[in-house]
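Engineer: The file below is final_34.tsv, TSV, C-alpha atoms:
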chain	number	residue	atom	x	y	z
A	443	MET	CA	54.47	-25.32	69.65
A	444	ILE	CA	51.79	-25.16	66.98
A	445	ARG	CA	50.64	-28.66	67.94
A	446	ASP	CA	50.34	-27.60	71.59
A	447	ARG	CA	48.32	-24.51	70.66
A	448	LEU	CA	45.96	-26.57	68.50
A	449	ALA	CA	45.52	-29.12	71.28
A	450	HIS	CA	44.82	-26.34	73.79
A	451	TYR	CA	42.27	-24.77	71.43
A	452	ALA	CA	40.59	-28.14	70.87
A	453	LEU	CA	40.24	-28.61	74.63
A	454	ARG	CA	38.73	-25.14	75.07
A	455	THR	CA	36.29	-25.38	72.16
A	456	PRO	CA	33.22	-27.56	72.81
A	457	MET	CA	32.16	-30.04	70.17
A	458	PRO	CA	29.23	-28.76	68.08
A	459	ASP	CA	25.83	-30.43	67.92
A	460	ARG	CA	26.45	-33.85	66.36
A	461	TRP	CA	22.83	-34.29	65.35
A	462	LEU	CA	22.75	-31.05	63.37
A	463	ALA	CA	26.11	-31.74	61.75
A	464	GLY	CA	25.17	-35.36	61.01
A	465	LEU	CA	21.83	-34.42	59.46
A	466	ALA	CA	23.43	-31.76	57.27
A	467	VAL	CA	26.15	-34.15	56.08
A	468	THR	CA	23.57	-36.87	55.38
A	469	LEU	CA	21.48	-34.51	53.24
A	470	LEU	CA	24.63	-33.24	51.50
A	471	LEU	CA	25.74	-36.78	50.61
A	472	LEU	CA	22.23	-37.69	49.47
A	473	GLY	CA	22.24	-34.57	47.35
A	474	LEU	CA	25.49	-35.61	45.68
A	475	VAL	CA	23.97	-38.98	44.83
A	476	MET	CA	20.88	-37.32	43.36
A	477	VAL	CA	22.88	-34.77	41.37
A	478	ALA	CA	24.88	-37.65	39.87
A	479	SER	CA	21.66	-39.47	38.99
A	480	SER	CA	19.53	-36.54	37.79
A	481	SER	CA	22.14	-34.66	35.77
A	482	VAL	CA	23.36	-37.48	33.53
A	483	ALA	CA	21.35	-36.55	30.45
A	484	VAL	CA	21.79	-32.79	30.69
A	485	ALA	CA	25.53	-33.18	31.40
A	486	GLU	CA	26.00	-35.42	28.36
A	487	GLN	CA	24.09	-32.93	26.22
A	488	SER	CA	26.09	-29.90	27.40
A	489	SER	CA	29.59	-31.31	27.83
A	490	GLY	CA	29.62	-34.89	26.64
A	491	GLY	CA	30.50	-36.26	30.09
A	492	ALA	CA	27.77	-37.92	32.12
A	493	LEU	CA	29.28	-36.97	35.50
A	494	THR	CA	30.53	-33.47	34.66
A	495	LEU	CA	27.99	-31.70	36.85
A	496	PHE	CA	28.46	-34.24	39.63
A	497	TRP	CA	32.19	-33.49	39.84
A	498	LYS	CA	31.46	-29.77	39.94
A	499	GLN	CA	28.99	-30.35	42.75
A	500	MET	CA	31.64	-32.36	44.59
A	501	VAL	CA	33.93	-29.32	44.48
A	502	TYR	CA	31.10	-27.07	45.69
A	503	ALA	CA	30.36	-29.54	48.51
A	504	ALA	CA	34.00	-29.57	49.63
A	505	LEU	CA	34.05	-25.76	49.60
A	506	GLY	CA	30.76	-25.74	51.49
A	507	VAL	CA	32.16	-27.95	54.25
A	508	PHE	CA	35.18	-25.63	54.46
A	509	VAL	CA	32.91	-22.56	54.70
A	510	ALA	CA	30.81	-24.20	57.44
A	511	ALA	CA	33.92	-25.23	59.40
A	512	THR	CA	35.39	-21.72	59.08
A	513	LEU	CA	32.23	-19.91	60.21
A	514	MET	CA	31.96	-22.31	63.14
A	515	GLN	CA	35.24	-20.85	64.46
A	516	ILE	CA	34.26	-17.16	64.18
A	517	PRO	CA	32.64	-15.58	67.26
A	518	LEU	CA	29.12	-14.35	66.61
A	519	ALA	CA	30.08	-10.99	68.10
A	520	ALA	CA	32.13	-10.34	64.96
A	521	PHE	CA	28.95	-10.49	62.85
A	522	ALA	CA	26.88	-8.53	65.37
A	523	GLN	CA	29.44	-5.71	65.44
A	524	ASN	CA	29.77	-5.46	61.65
A	525	GLY	CA	26.13	-5.35	60.60
A	526	MET	CA	26.48	-2.19	58.49
A	527	LEU	CA	29.43	-3.70	56.61
A	528	LEU	CA	27.41	-6.84	55.89
A	529	LEU	CA	24.47	-4.74	54.74
A	530	GLY	CA	26.74	-2.78	52.42
A	531	VAL	CA	28.13	-5.99	50.92
A	532	ALA	CA	24.58	-7.26	50.38
A	533	PHE	CA	23.47	-4.19	48.47
A	534	VAL	CA	26.68	-4.06	46.43
A	535	LEU	CA	26.05	-7.65	45.31
A	536	LEU	CA	22.40	-6.93	44.47
A	537	LEU	CA	23.41	-3.84	42.46
A	538	LEU	CA	26.36	-5.45	40.66
A	539	VAL	CA	24.18	-8.21	39.26
A	540	LEU	CA	22.17	-5.56	37.38
A	541	VAL	CA	25.25	-3.94	35.79
A	542	PRO	CA	25.72	-4.97	32.12
A	543	GLY	CA	28.99	-6.79	31.62
A	544	ILE	CA	29.10	-7.91	35.25
A	545	GLY	CA	25.68	-9.44	35.69
A	546	VAL	CA	25.03	-12.56	33.62
A	547	GLU	CA	21.61	-13.13	32.06
A	548	ILE	CA	20.36	-16.72	31.92
A	549	ASN	CA	16.82	-17.70	30.95
A	550	SER	CA	15.72	-14.03	30.83
A	551	ALA	CA	16.89	-13.44	34.41
A	552	ARG	CA	19.92	-11.44	35.52
A	553	ARG	CA	20.77	-13.12	38.83
A	554	TRP	CA	24.43	-14.04	38.47
A	555	ILE	CA	27.77	-12.22	38.68
A	556	ASP	CA	30.48	-13.38	36.31
A	557	LEU	CA	33.52	-14.53	38.32
A	558	GLY	CA	35.34	-16.15	35.41
A	559	PRO	CA	35.15	-19.94	35.79
A	560	VAL	CA	31.96	-19.74	37.89
A	561	ASN	CA	28.90	-17.54	38.29
A	562	LEU	CA	27.82	-16.24	41.69
A	563	GLN	CA	24.06	-15.99	42.33
A	564	ALA	CA	24.05	-12.71	44.20
A	565	SER	CA	20.77	-13.20	46.05
A	566	GLU	CA	22.08	-16.13	48.10
A	567	PRO	CA	24.92	-14.47	50.09
A	568	ALA	CA	23.10	-11.12	49.99
A	569	ARG	CA	20.06	-12.48	51.81
A	570	LEU	CA	22.26	-14.13	54.44
A	571	ALA	CA	24.11	-10.85	55.01
A	572	ILE	CA	20.79	-8.99	55.41
A	573	VAL	CA	19.55	-11.56	57.95
A	574	LEU	CA	22.77	-11.09	59.96
A	575	TYR	CA	22.30	-7.32	59.84
A	576	LEU	CA	18.67	-7.53	60.97
A	577	ALA	CA	19.55	-9.78	63.92
A	578	GLY	CA	22.09	-7.22	65.11
A	579	PHE	CA	19.75	-4.27	64.49
A	580	ILE	CA	16.93	-5.83	66.52
A	581	VAL	CA	19.31	-6.40	69.45
A	582	ARG	CA	20.74	-2.86	69.32
A	583	ARG	CA	17.40	-1.10	68.89
A	584	GLN	CA	15.08	-3.55	70.61
A	585	LEU	CA	13.26	-1.08	72.84
A	586	GLU	CA	12.76	1.33	69.97
A	587	VAL	CA	11.57	-1.44	67.66
A	588	GLN	CA	9.21	-2.88	70.26
A	589	HIS	CA	7.51	0.33	71.37
A	590	GLN	CA	7.66	2.78	68.46
A	591	PHE	CA	6.43	2.33	64.93
A	592	ARG	CA	9.17	4.64	63.67
A	593	GLY	CA	11.65	2.13	65.05
A	594	LEU	CA	10.45	-0.22	62.30
A	595	LEU	CA	11.04	2.24	59.49
A	596	LYS	CA	14.75	1.51	59.03
A	597	PRO	CA	14.46	-2.31	58.86
A	598	LEU	CA	11.35	-2.00	56.69
A	599	LEU	CA	13.22	0.29	54.32
A	600	VAL	CA	16.10	-2.19	54.13
A	601	ILE	CA	13.70	-5.06	53.41
A	602	ALA	CA	11.79	-3.05	50.80
A	603	LEU	CA	14.94	-1.97	48.93
A	604	ALA	CA	16.40	-5.48	48.99
A	605	CYS	CA	13.15	-7.01	47.72
A	606	ALA	CA	12.93	-4.35	44.98
A	607	LEU	CA	16.44	-5.20	43.78
A	608	LEU	CA	15.62	-8.91	43.85
A	609	LEU	CA	12.46	-8.31	41.79
A	610	LEU	CA	14.49	-6.37	39.22
A	611	GLN	CA	16.59	-9.47	38.50
A	612	PRO	CA	13.81	-10.89	38.66
A	613	ASP	CA	13.95	-13.34	41.59
A	614	PHE	CA	10.43	-13.48	42.98
A	615	GLY	CA	10.98	-16.51	45.19
A	616	ALA	CA	14.07	-15.04	46.88
A	617	ALA	CA	12.19	-11.81	47.58
A	618	VAL	CA	9.25	-13.68	49.13
A	619	ILE	CA	11.50	-15.71	51.44
A	620	LEU	CA	13.55	-12.67	52.48
A	621	ALA	CA	10.39	-10.71	53.32
A	622	GLY	CA	8.85	-13.62	55.22
A	623	ILE	CA	11.96	-14.35	57.29
A	624	SER	CA	12.50	-10.65	58.01
A	625	PHE	CA	8.96	-10.19	59.32
A	626	LEU	CA	9.38	-13.33	61.43
A	627	MET	CA	12.57	-11.92	62.96
A	628	LEU	CA	10.84	-8.63	63.78
A	629	PHE	CA	7.96	-10.50	65.40
A	630	LEU	CA	10.32	-12.66	67.47
A	631	GLY	CA	12.16	-9.47	68.41
A	632	GLY	CA	9.07	-8.27	70.20
A	633	VAL	CA	7.50	-5.95	67.64
A	634	LYS	CA	3.83	-5.42	68.44
A	635	LEU	CA	1.57	-7.31	66.06
A	636	ARG	CA	-0.46	-4.20	65.28
A	637	TYR	CA	2.71	-2.52	63.99
A	638	LEU	CA	3.37	-5.41	61.62
A	639	VAL	CA	-0.13	-5.85	60.20
A	640	ALA	CA	0.01	-2.95	57.73
A	641	PRO	CA	3.54	-3.71	56.38
A	642	VAL	CA	2.71	-7.42	56.01
A	643	LEU	CA	-0.58	-6.74	54.21
A	644	LEU	CA	1.09	-4.16	51.96
A	645	THR	CA	3.87	-6.62	51.11
A	646	VAL	CA	1.46	-9.48	50.38
A	647	GLY	CA	-0.66	-7.18	48.21
A	648	ALA	CA	2.39	-5.95	46.30
A	649	PHE	CA	3.58	-9.52	45.63
A	650	ALA	CA	0.06	-10.51	44.50
A	651	VAL	CA	-0.12	-7.59	42.05
A	652	LEU	CA	3.33	-8.41	40.68
A	653	ALA	CA	2.35	-12.06	40.27
A	654	ILE	CA	-0.64	-11.29	38.03
A	655	THR	CA	0.65	-8.24	36.12
A	656	GLN	CA	3.88	-9.71	34.74
A	657	PRO	CA	3.19	-11.81	31.60
A	658	TYR	CA	5.66	-14.60	32.39
A	659	ARG	CA	4.38	-14.91	35.97
A	660	LEU	CA	0.81	-14.98	34.68
A	661	ARG	CA	1.78	-17.85	32.39
A	662	ARG	CA	3.23	-19.67	35.38
A	663	LEU	CA	-0.02	-19.16	37.28
A	664	LEU	CA	-2.02	-20.52	34.35
A	665	GLY	CA	0.29	-23.52	34.12
A	666	PHE	CA	0.00	-24.04	37.87
A	667	SER	CA	-3.80	-23.81	37.91
A	668	ASP	CA	-4.25	-26.45	35.19
A	669	PRO	CA	-0.95	-27.88	33.91
A	670	TRP	CA	-2.66	-30.56	31.79
A	671	GLN	CA	-4.57	-27.95	29.80
A	672	HIS	CA	-1.31	-26.11	29.04
A	673	VAL	CA	0.88	-29.20	28.84
A	674	GLU	CA	2.59	-28.07	25.61
A	675	SER	CA	3.43	-24.61	26.96
A	676	ALA	CA	3.28	-23.12	30.46
A	677	GLY	CA	2.23	-26.40	32.10
A	678	TRP	CA	4.99	-28.56	30.61
A	679	GLN	CA	7.43	-28.42	33.53
A	680	LEU	CA	4.82	-29.02	36.21
A	681	SER	CA	3.12	-31.82	34.28
A	682	GLN	CA	6.46	-33.60	33.83
A	683	SER	CA	7.19	-33.15	37.54
A	684	LEU	CA	3.82	-34.65	38.46
A	685	ILE	CA	4.43	-37.57	36.10
A	686	ALA	CA	7.79	-38.20	37.77
A	687	ILE	CA	6.30	-38.14	41.27
A	688	GLY	CA	3.40	-40.35	40.17
A	689	ARG	CA	5.75	-42.91	38.61
A	690	GLY	CA	7.56	-43.25	41.94
A	691	GLY	CA	4.61	-44.97	43.60
A	692	TRP	CA	5.28	-46.45	47.03
A	693	PHE	CA	8.89	-47.60	46.64
A	694	GLY	CA	10.18	-45.84	43.51
A	695	GLU	CA	11.73	-46.98	40.25
A	696	GLY	CA	15.17	-47.40	41.80
A	697	LEU	CA	18.26	-45.19	41.88
A	698	GLY	CA	19.23	-44.13	38.36
A	699	ASN	CA	15.99	-45.40	36.80
A	700	SER	CA	14.15	-42.09	36.44
A	701	LEU	CA	12.63	-41.59	33.01
A	702	GLN	CA	11.72	-37.92	33.40
A	703	LYS	CA	15.34	-36.90	33.96
A	704	MET	CA	16.07	-37.88	30.34
A	705	LEU	CA	15.45	-34.27	29.22
A	706	TYR	CA	11.67	-34.47	29.68
A	707	LEU	CA	11.68	-32.52	32.95
A	708	PRO	CA	13.43	-29.12	32.75
A	709	GLU	CA	15.77	-28.16	35.63
A	710	GLN	CA	15.73	-31.76	36.80
A	711	HIS	CA	19.00	-31.41	38.73
A	712	THR	CA	18.29	-27.99	40.28
A	713	ASP	CA	14.80	-26.72	41.14
A	714	PHE	CA	13.06	-30.03	40.34
A	715	ILE	CA	15.51	-32.53	41.79
A	716	PHE	CA	12.85	-33.50	44.34
A	717	ALA	CA	10.61	-34.84	41.54
A	718	VAL	CA	13.43	-37.07	40.28
A	719	TYR	CA	14.13	-38.21	43.84
A	720	ALA	CA	10.44	-39.08	44.32
A	721	GLU	CA	10.43	-41.00	41.04
A	722	GLU	CA	13.47	-43.06	42.02
A	723	PHE	CA	12.70	-43.61	45.73
A	724	GLY	CA	8.90	-43.34	45.90
A	725	LEU	CA	6.73	-42.25	48.81
A	726	LEU	CA	8.90	-44.13	51.30
A	727	GLY	CA	11.95	-42.16	50.19
A	728	VAL	CA	9.99	-38.90	50.35
A	729	LEU	CA	9.01	-39.63	53.95
A	730	VAL	CA	12.64	-40.30	54.80
A	731	ILE	CA	13.86	-37.03	53.34
A	732	LEU	CA	11.02	-35.15	55.01
A	733	ALA	CA	12.05	-36.66	58.34
A	734	LEU	CA	15.65	-35.55	57.77
A	735	TYR	CA	14.63	-31.96	56.99
A	736	ILE	CA	12.21	-31.83	59.94
A	737	ALA	CA	14.95	-33.07	62.26
A	738	LEU	CA	17.37	-30.47	60.84
A	739	TRP	CA	14.81	-27.71	61.47
A	740	TRP	CA	14.07	-29.04	64.96
A	741	ARG	CA	17.73	-29.07	65.96
A	742	GLY	CA	18.19	-25.53	64.63
A	743	VAL	CA	15.18	-24.25	66.60
A	744	ALA	CA	16.36	-26.08	69.73
A	745	ILE	CA	19.80	-24.47	69.44
A	746	ALA	CA	18.20	-21.03	69.01
A	747	ALA	CA	15.98	-21.67	72.04
A	748	GLU	CA	19.04	-22.54	74.13
A	749	ALA	CA	20.66	-19.26	73.07
A	750	GLU	CA	17.50	-17.39	74.00
A	751	ALA	CA	17.42	-19.09	77.42
A	752	ARG	CA	20.94	-17.88	78.21
A	753	GLY	CA	20.14	-14.34	77.08
A	754	ALA	CA	22.14	-14.39	73.82
A	755	ARG	CA	19.58	-12.47	71.78
A	756	PHE	CA	21.64	-12.05	68.60
A	757	ALA	CA	22.35	-15.78	68.48
A	758	ALA	CA	18.71	-16.58	69.21
A	759	TYR	CA	17.24	-14.36	66.50
A	760	LEU	CA	19.82	-15.56	64.00
A	761	GLY	CA	19.23	-19.21	64.88
A	762	TYR	CA	15.46	-18.93	64.54
A	763	ALA	CA	15.79	-17.05	61.23
A	764	LEU	CA	18.18	-19.57	59.68
A	765	SER	CA	16.14	-22.57	60.86
A	766	TYR	CA	12.86	-21.24	59.49
A	767	TRP	CA	14.55	-20.06	56.29
A	768	LEU	CA	15.70	-23.61	55.60
A	769	ALA	CA	12.29	-25.05	56.49
A	770	PHE	CA	10.38	-22.50	54.41
A	771	GLN	CA	12.59	-23.07	51.36
A	772	VAL	CA	12.21	-26.85	51.63
A	773	LEU	CA	8.41	-26.56	51.86
A	774	VAL	CA	8.20	-24.14	48.94
A	775	ASN	CA	10.45	-26.26	46.73
A	776	MET	CA	8.51	-29.45	47.45
A	777	ALA	CA	5.17	-27.67	47.05
A	778	VAL	CA	6.25	-26.33	43.65
A	779	ASN	CA	7.35	-29.80	42.55
A	780	MET	CA	3.97	-31.24	43.58
A	781	GLY	CA	1.91	-28.47	41.99
A	782	LEU	CA	0.80	-26.90	45.26
A	783	LEU	CA	2.50	-23.57	44.46
A	784	PRO	CA	3.47	-21.81	41.23
A	785	THR	CA	7.08	-22.19	40.09
A	786	LYS	CA	9.37	-20.03	42.22
A	787	GLY	CA	12.88	-20.94	41.07
A	788	LEU	CA	14.04	-22.05	44.53
A	789	THR	CA	16.49	-24.88	45.11
A	790	LEU	CA	16.14	-27.76	47.57
A	791	PRO	CA	18.69	-26.97	50.32
A	792	LEU	CA	21.79	-29.19	50.40
A	793	MET	CA	20.48	-31.33	47.53
A	794	SER	CA	19.98	-29.25	44.39
A	795	TYR	CA	22.87	-28.59	42.02
A	796	GLY	CA	24.37	-25.13	42.28
A	797	GLY	CA	27.41	-23.62	43.97
A	798	SER	CA	25.91	-20.37	45.28
A	799	SER	CA	22.95	-22.05	46.93
A	800	LEU	CA	25.00	-24.90	48.40
A	801	LEU	CA	27.70	-22.61	49.80
A	802	THR	CA	25.10	-20.32	51.36
A	803	VAL	CA	23.22	-23.19	53.00
A	804	CYS	CA	26.50	-24.61	54.30
A	805	ALA	CA	27.29	-21.17	55.70
A	806	MET	CA	23.90	-21.20	57.45
A	807	VAL	CA	24.65	-24.60	58.95
A	808	GLY	CA	28.06	-23.34	60.06
A	809	LEU	CA	26.45	-20.37	61.82
A	810	LEU	CA	23.96	-22.66	63.57
A	811	LEU	CA	26.84	-24.85	64.72
A	812	ARG	CA	28.64	-21.74	65.98
A	813	ILE	CA	25.57	-20.80	68.02
A	814	ASP	CA	25.61	-24.29	69.53
A	815	VAL	CA	29.34	-24.03	70.29
A	816	GLU	CA	28.77	-20.78	72.18
A	817	ASN	CA	25.80	-22.33	74.00
A	818	ARG	CA	27.99	-25.18	75.17
A	819	ALA	CA	30.84	-22.86	76.10
A	820	ALA	CA	28.46	-20.78	78.24
A	821	ALA	CA	26.93	-23.81	79.98
A	822	PRO	CA	29.86	-24.62	82.33
A	823	ALA	CA	30.11	-20.96	83.33
A	824	SER	CA	26.40	-20.90	84.11
A	825	ALA	CA	26.74	-24.08	86.15
A	826	ASP	CA	29.66	-22.60	88.11
A	827	ASP	CA	27.66	-19.42	88.79
A	828	ASP	CA	24.72	-21.48	90.09
A	829	SER	CA	27.07	-23.49	92.30
A	830	ARG	CA	28.66	-20.33	93.74
A	831	ARG	CA	25.24	-18.80	94.42
A	832	ARG	CA	24.13	-22.03	96.15
A	833	VAL	CA	27.26	-22.12	98.35
A	834	SER	CA	26.76	-18.45	99.19
A	835	ARG	CA	23.15	-19.04	100.23
A	836	GLU	CA	24.16	-22.03	102.35
A	837	GLY	CA	26.84	-19.93	104.03
A	838	VAL	CA	24.38	-17.16	104.83
A	839	THR	CA	21.90	-19.72	106.22
A	840	ALA	CA	24.57	-21.27	108.41
Can you dump the structure from the file as C-alpha cells?
Structural biologist:
Amino acid sequence: MIRDRLAHYALRTPMPDRWLAGLAVTLLLLGLVMVASSSVAVAEQSSGGALTLFWKQMVYAALGVFVAATLMQIPLAAFAQNGMLLLGVAFVLLLLVLVPGIGVEINSARRWIDLGPVNLQASEPARLAIVLYLAGFIVRRQLEVQHQFRGLLKPLLVIALACALLLLQPDFGAAVILAGISFLMLFLGGVKLRYLVAPVLLTVGAFAVLAITQPYRLRRLLGFSDPWQHVESAGWQLSQSLIAIGRGGWFGEGLGNSLQKMLYLPEQHTDFIFAVYAEEFGLLGVLVILALYIALWWRGVAIAAEAEARGARFAAYLGYALSYWLAFQVLVNMAVNMGLLPTKGLTLPLMSYGGSSLLTVCAMVGLLLRIDVENRAAAPASADDDSRRRVSREGVTA
C-alpha cells in the first residue's frame, strides 16, 4: 500500500529543473573537493587530522541535500500563510545570539548559538525567514505598498530592526545583503521608485558612517585601500589572498598544490576559499566556476519569471530574491578575495566550509526547485484551460 501511494505521488509530482539541481550539485561537490584541499593545514593544527573538516563538511552536505529535498515537497502556500511565525523565529534567533551563555563569541563577534556539538550562525536562517515573510507581505499588501508610503513603514521597520540586530553581532556583510535584497523585493513588488529613494539613501549613508566610525572596520578599509603598505597588520589577509590568486596564473598550480593555504592565508577554507581555488586552478578554473554560478543565477531567475507569468506572485518574488541573493553573495565574496571590496565575512555559496551557510543555501535551492515544481504542475492545467477556451470559441463560431 505504501509503495502504491509513493508511486502515485511520484506520478503526480513533476520532476524539478534538472539544470538547477545539476548546477547546485556540481558546485556542492566542487566545494567538498576544495574544502578537503584548503583545510588540510588548519585541520592538522586544530585536531591533528588532515581531513577532519572535510568529513564535517560531508555531513553538512548530506544534511543540506536532505533539507533541499524536504523543502521541495512543501507547498509554497505553507510559507506564505505563516509569514508572521517565520518573522518571529527570525527575531528570536537574532536576539538569542546576543544572550550571554547562549550566543558564542568567536573572533570578537557574537554570531553563533551554542547547540552542543555544533554552532548555529543565526543570521543565515534568520535572513531566509525574513525574505519569506517579505514575499508574503508584499503579496498580501501589494496595493497598499504600491500606492502609499505608509504601506512601506512596516517592511522598512522589519528590515531596520533586523539589520540593527545583525550589526550588534556584528555582521556587517549579512546586514548589507539583507537590506539590498529587501529593497529589491519591494521594487519588484511595484513600490514607486520615489518612495524607495529616501530609505535607500538613508540606509547607504548609515552603512557608510558605520564603516568609518568603528575602529576595526576602519582598519579593514585601510588594509583594503593599500594592503601592501599594511601587510604586517590590517592588510595581511588581503595581501595573502592576492598572492594566492596571482600564483594561479592561467592554469593554476594544480589541485592540492596551494602554498597560501599552509596557514599563510587566514580563513582559507571559509571566506577566502576562492583565493585557494584560484591558486590551484588558475584563471581557467575561475572562468569555469563563474560560468557555473551565472548559470545557477540564470536558472533561478528563469524559474521566478515563469512563476510571475502564471500569476504566482509569492513564488515569483521569492524566486527573484533567492536568485539575486546567491548572485550578490558570490560577487561580494569574489570581490573581497580580489581586493575590490573590503572584507565582509561572507562565504562563497555551496563551496565554503560551514554548516549554517551550506544548509541555508541548500534550503534556498530547495525552495527554487519547489517553485519550479509548482510551475510545472500548473502548466498542464493552463494548457487544458487554453484548449477548452479554443474549443468553446470554435463551437460558438460554428
Engineer: Using only C-alpha atoms, pick whichever of A:Leu697, A:Leu537, A:Met776, A:Leu585 has the shortest atom-to-atom distance to Ala606 of chain A.
Structural biologist: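 Among the listed residues, A:Leu537 lies closest to Ala606 of chain A.
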Engineer: From the set A:Leu801, A:Leu471, A:Ala757, A:Leu628, which residue has the shortest atom-to-atom contact distance to Ala522 of chain A, counting all atoms listed in the file?
Structural biologist: A:Ala757
Engineer: Between atom CA of Val482 of chain A and atom CA of Val560 of chain A, what is the distance in Å, rounded to a tenth?
Structural biologist: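 A separation of 20.2 Å between them.
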Engineer: So, with all atoms listed in the file as the atoms that count, which of A:Ile516, A:Ala648, A:Leu734, A:Ala754 lies closest to Ala602 of chain A?
Structural biologist: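 Among the listed residues, A:Ala648 lies closest to Ala602 of chain A.
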Engineer: Using only C-alpha atoms, determine which residues lie at most 7 Å from Gln682 of chain A, disregarding the query and same-chain residues fewer than 4 positions distant; provide the list as a list in words.
Structural biologist: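 With the cut-off at 7 Å, the set is Trp678, Ala686, Gln702, Tyr706 and Leu707 of chain A.
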Engineer: Given all atoms listed in the file as the basis, pick out the residue of A:Ile813, A:Leu474, A:Ala492, A:Ser624 nearest to Arg755 of chain A.
Structural biologist: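 Going through A:Ile813, A:Leu474, A:Ala492, A:Ser624 one by one, the smallest distance to Arg755 of chain A is for A:Ile813.
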Engineer: If we count all atoms listed in the file and set the cut-off at 10 Å, which residues sit around Leu608 of chain A, ignoring sequence neighbours fewer than 6 positions away in its own chain? Please answer as JSON, numbers by chain.
Structural biologist: {"A": [536, 537, 539, 540, 552, 553, 564, 565, 568, 569, 602, 614, 615, 616, 617, 618, 620]}
Engineer: Kindly extract all protein, DNA and RNA residues lying within 10 Å of the coordinates (28.2, -24.1, 66.1) given in the file, considering all atoms listed in the file, and supply them as a list in words.
Structural biologist: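 Selection result: Pro456, Met457, Pro458, Asp459, Arg460, Leu462, Ala463, Ala510, Ala511, Leu513, Met514, Gln515, Ile516, Pro517, Leu518, Ile745, Val807, Gly808, Leu809, Leu810, Leu811, Arg812, Ile813, Asp814, Val815, Glu816, Asn817 and Arg818 of chain A.
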Engineer: Atom CA of Gly797 of chain A and atom CA of Ala520 of chain A, how far apart in Å?
Structural biologist: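 Result for atom CA of Ala520 of chain A versus atom CA of Gly797 of chain A: 25.3 Å, one decimal.
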Engineer: Please, what distance in Å, to one decimal, runs between atom CA of Met780 of chain A and atom CA of Tyr719 of chain A?
Structural biologist: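 Interatomic distance here is 12.3 Å.
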Engineer: Would you please work out which residue, of A:His672, A:His589, A:Lys634, A:Lys596, is nearest to Tyr575 of chain A when using all atoms listed in the file?
Structural biologist: A:Lys596
Engineer: Residues at most 12 Å from Val600 of chain A, counting all atoms listed in the file, excluding those fewer than 3 positions away in the same chain, as a list in words?
Structural biologist: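 Those residues are Met526, Leu529, Gly530, Ala532, Phe533, Arg569, Ala571, Ile572, Val573, Tyr575, Leu576, Phe579, Leu594, Leu595, Lys596, Pro597, Leu603, Ala604, Cys605, Ala606, Leu607, Leu620, Ala621, Ser624 and Phe625 of chain A.
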Engineer: Please reconstruct the missing atoms of segment 503-516 of chain A (target: N, CA and C atoms) and return them as a PDB file, keeping the file's coordinate frame.
Structural biologist:
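In the end it all went to out.pdb:
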ATOM      1  N   ALA A 503      30.612 -28.932  47.199  1.00  0.00           N
ATOM      2  CA  ALA A 503      30.360 -29.540  48.510  1.00  0.00           C
ATOM      3  C   ALA A 503      31.586 -29.434  49.411  1.00  0.00           C
ATOM      4  N   ALA A 504      32.774 -29.688  48.850  1.00  0.00           N
ATOM      5  CA  ALA A 504      34.000 -29.570  49.630  1.00  0.00           C
ATOM      6  C   ALA A 504      34.208 -28.133  50.104  1.00  0.00           C
ATOM      7  N   LEU A 505      33.954 -27.168  49.211  1.00  0.00           N
ATOM      8  CA  LEU A 505      34.050 -25.760  49.600  1.00  0.00           C
ATOM      9  C   LEU A 505      33.011 -25.412  50.660  1.00  0.00           C
ATOM     10  N   GLY A 506      31.813 -25.993  50.524  1.00  0.00           N
ATOM     11  CA  GLY A 506      30.760 -25.740  51.490  1.00  0.00           C
ATOM     12  C   GLY A 506      31.128 -26.228  52.879  1.00  0.00           C
ATOM     13  N   VAL A 507      31.720 -27.419  52.957  1.00  0.00           N
ATOM     14  CA  VAL A 507      32.160 -27.950  54.250  1.00  0.00           C
ATOM     15  C   VAL A 507      33.237 -27.039  54.838  1.00  0.00           C
ATOM     16  N   PHE A 508      34.137 -26.554  53.992  1.00  0.00           N
ATOM     17  CA  PHE A 508      35.180 -25.630  54.460  1.00  0.00           C
ATOM     18  C   PHE A 508      34.568 -24.337  54.990  1.00  0.00           C
ATOM     19  N   VAL A 509      33.580 -23.800  54.269  1.00  0.00           N
ATOM     20  CA  VAL A 509      32.910 -22.560  54.700  1.00  0.00           C
ATOM     21  C   VAL A 509      32.220 -22.779  56.044  1.00  0.00           C
ATOM     22  N   ALA A 510      31.502 -23.899  56.183  1.00  0.00           N
ATOM     23  CA  ALA A 510      30.810 -24.200  57.440  1.00  0.00           C
ATOM     24  C   ALA A 510      31.803 -24.326  58.595  1.00  0.00           C
ATOM     25  N   ALA A 511      32.911 -25.039  58.357  1.00  0.00           N
ATOM     26  CA  ALA A 511      33.920 -25.230  59.400  1.00  0.00           C
ATOM     27  C   ALA A 511      34.569 -23.906  59.787  1.00  0.00           C
ATOM     28  N   THR A 512      34.776 -23.027  58.808  1.00  0.00           N
ATOM     29  CA  THR A 512      35.390 -21.720  59.080  1.00  0.00           C
ATOM     30  C   THR A 512      34.454 -20.842  59.905  1.00  0.00           C
ATOM     31  N   LEU A 513      33.188 -20.745  59.482  1.00  0.00           N
ATOM     32  CA  LEU A 513      32.230 -19.910  60.210  1.00  0.00           C
ATOM     33  C   LEU A 513      31.996 -20.429  61.620  1.00  0.00           C
ATOM     34  N   MET A 514      32.145 -21.727  61.815  1.00  0.00           N
ATOM     35  CA  MET A 514      31.960 -22.310  63.140  1.00  0.00           C
ATOM     36  C   MET A 514      33.024 -21.826  64.121  1.00  0.00           C
ATOM     37  N   GLN A 515      34.150 -21.314  63.605  1.00  0.00           N
ATOM     38  CA  GLN A 515      35.240 -20.850  64.460  1.00  0.00           C
ATOM     39  C   GLN A 515      35.180 -19.344  64.742  1.00  0.00           C
ATOM     40  N   ILE A 516      34.315 -18.613  64.042  1.00  0.00           N
ATOM     41  CA  ILE A 516      34.260 -17.160  64.180  1.00  0.00           C
ATOM     42  C   ILE A 516      33.233 -16.771  65.230  1.00  0.00           C
TER      43      ILE A 516
END
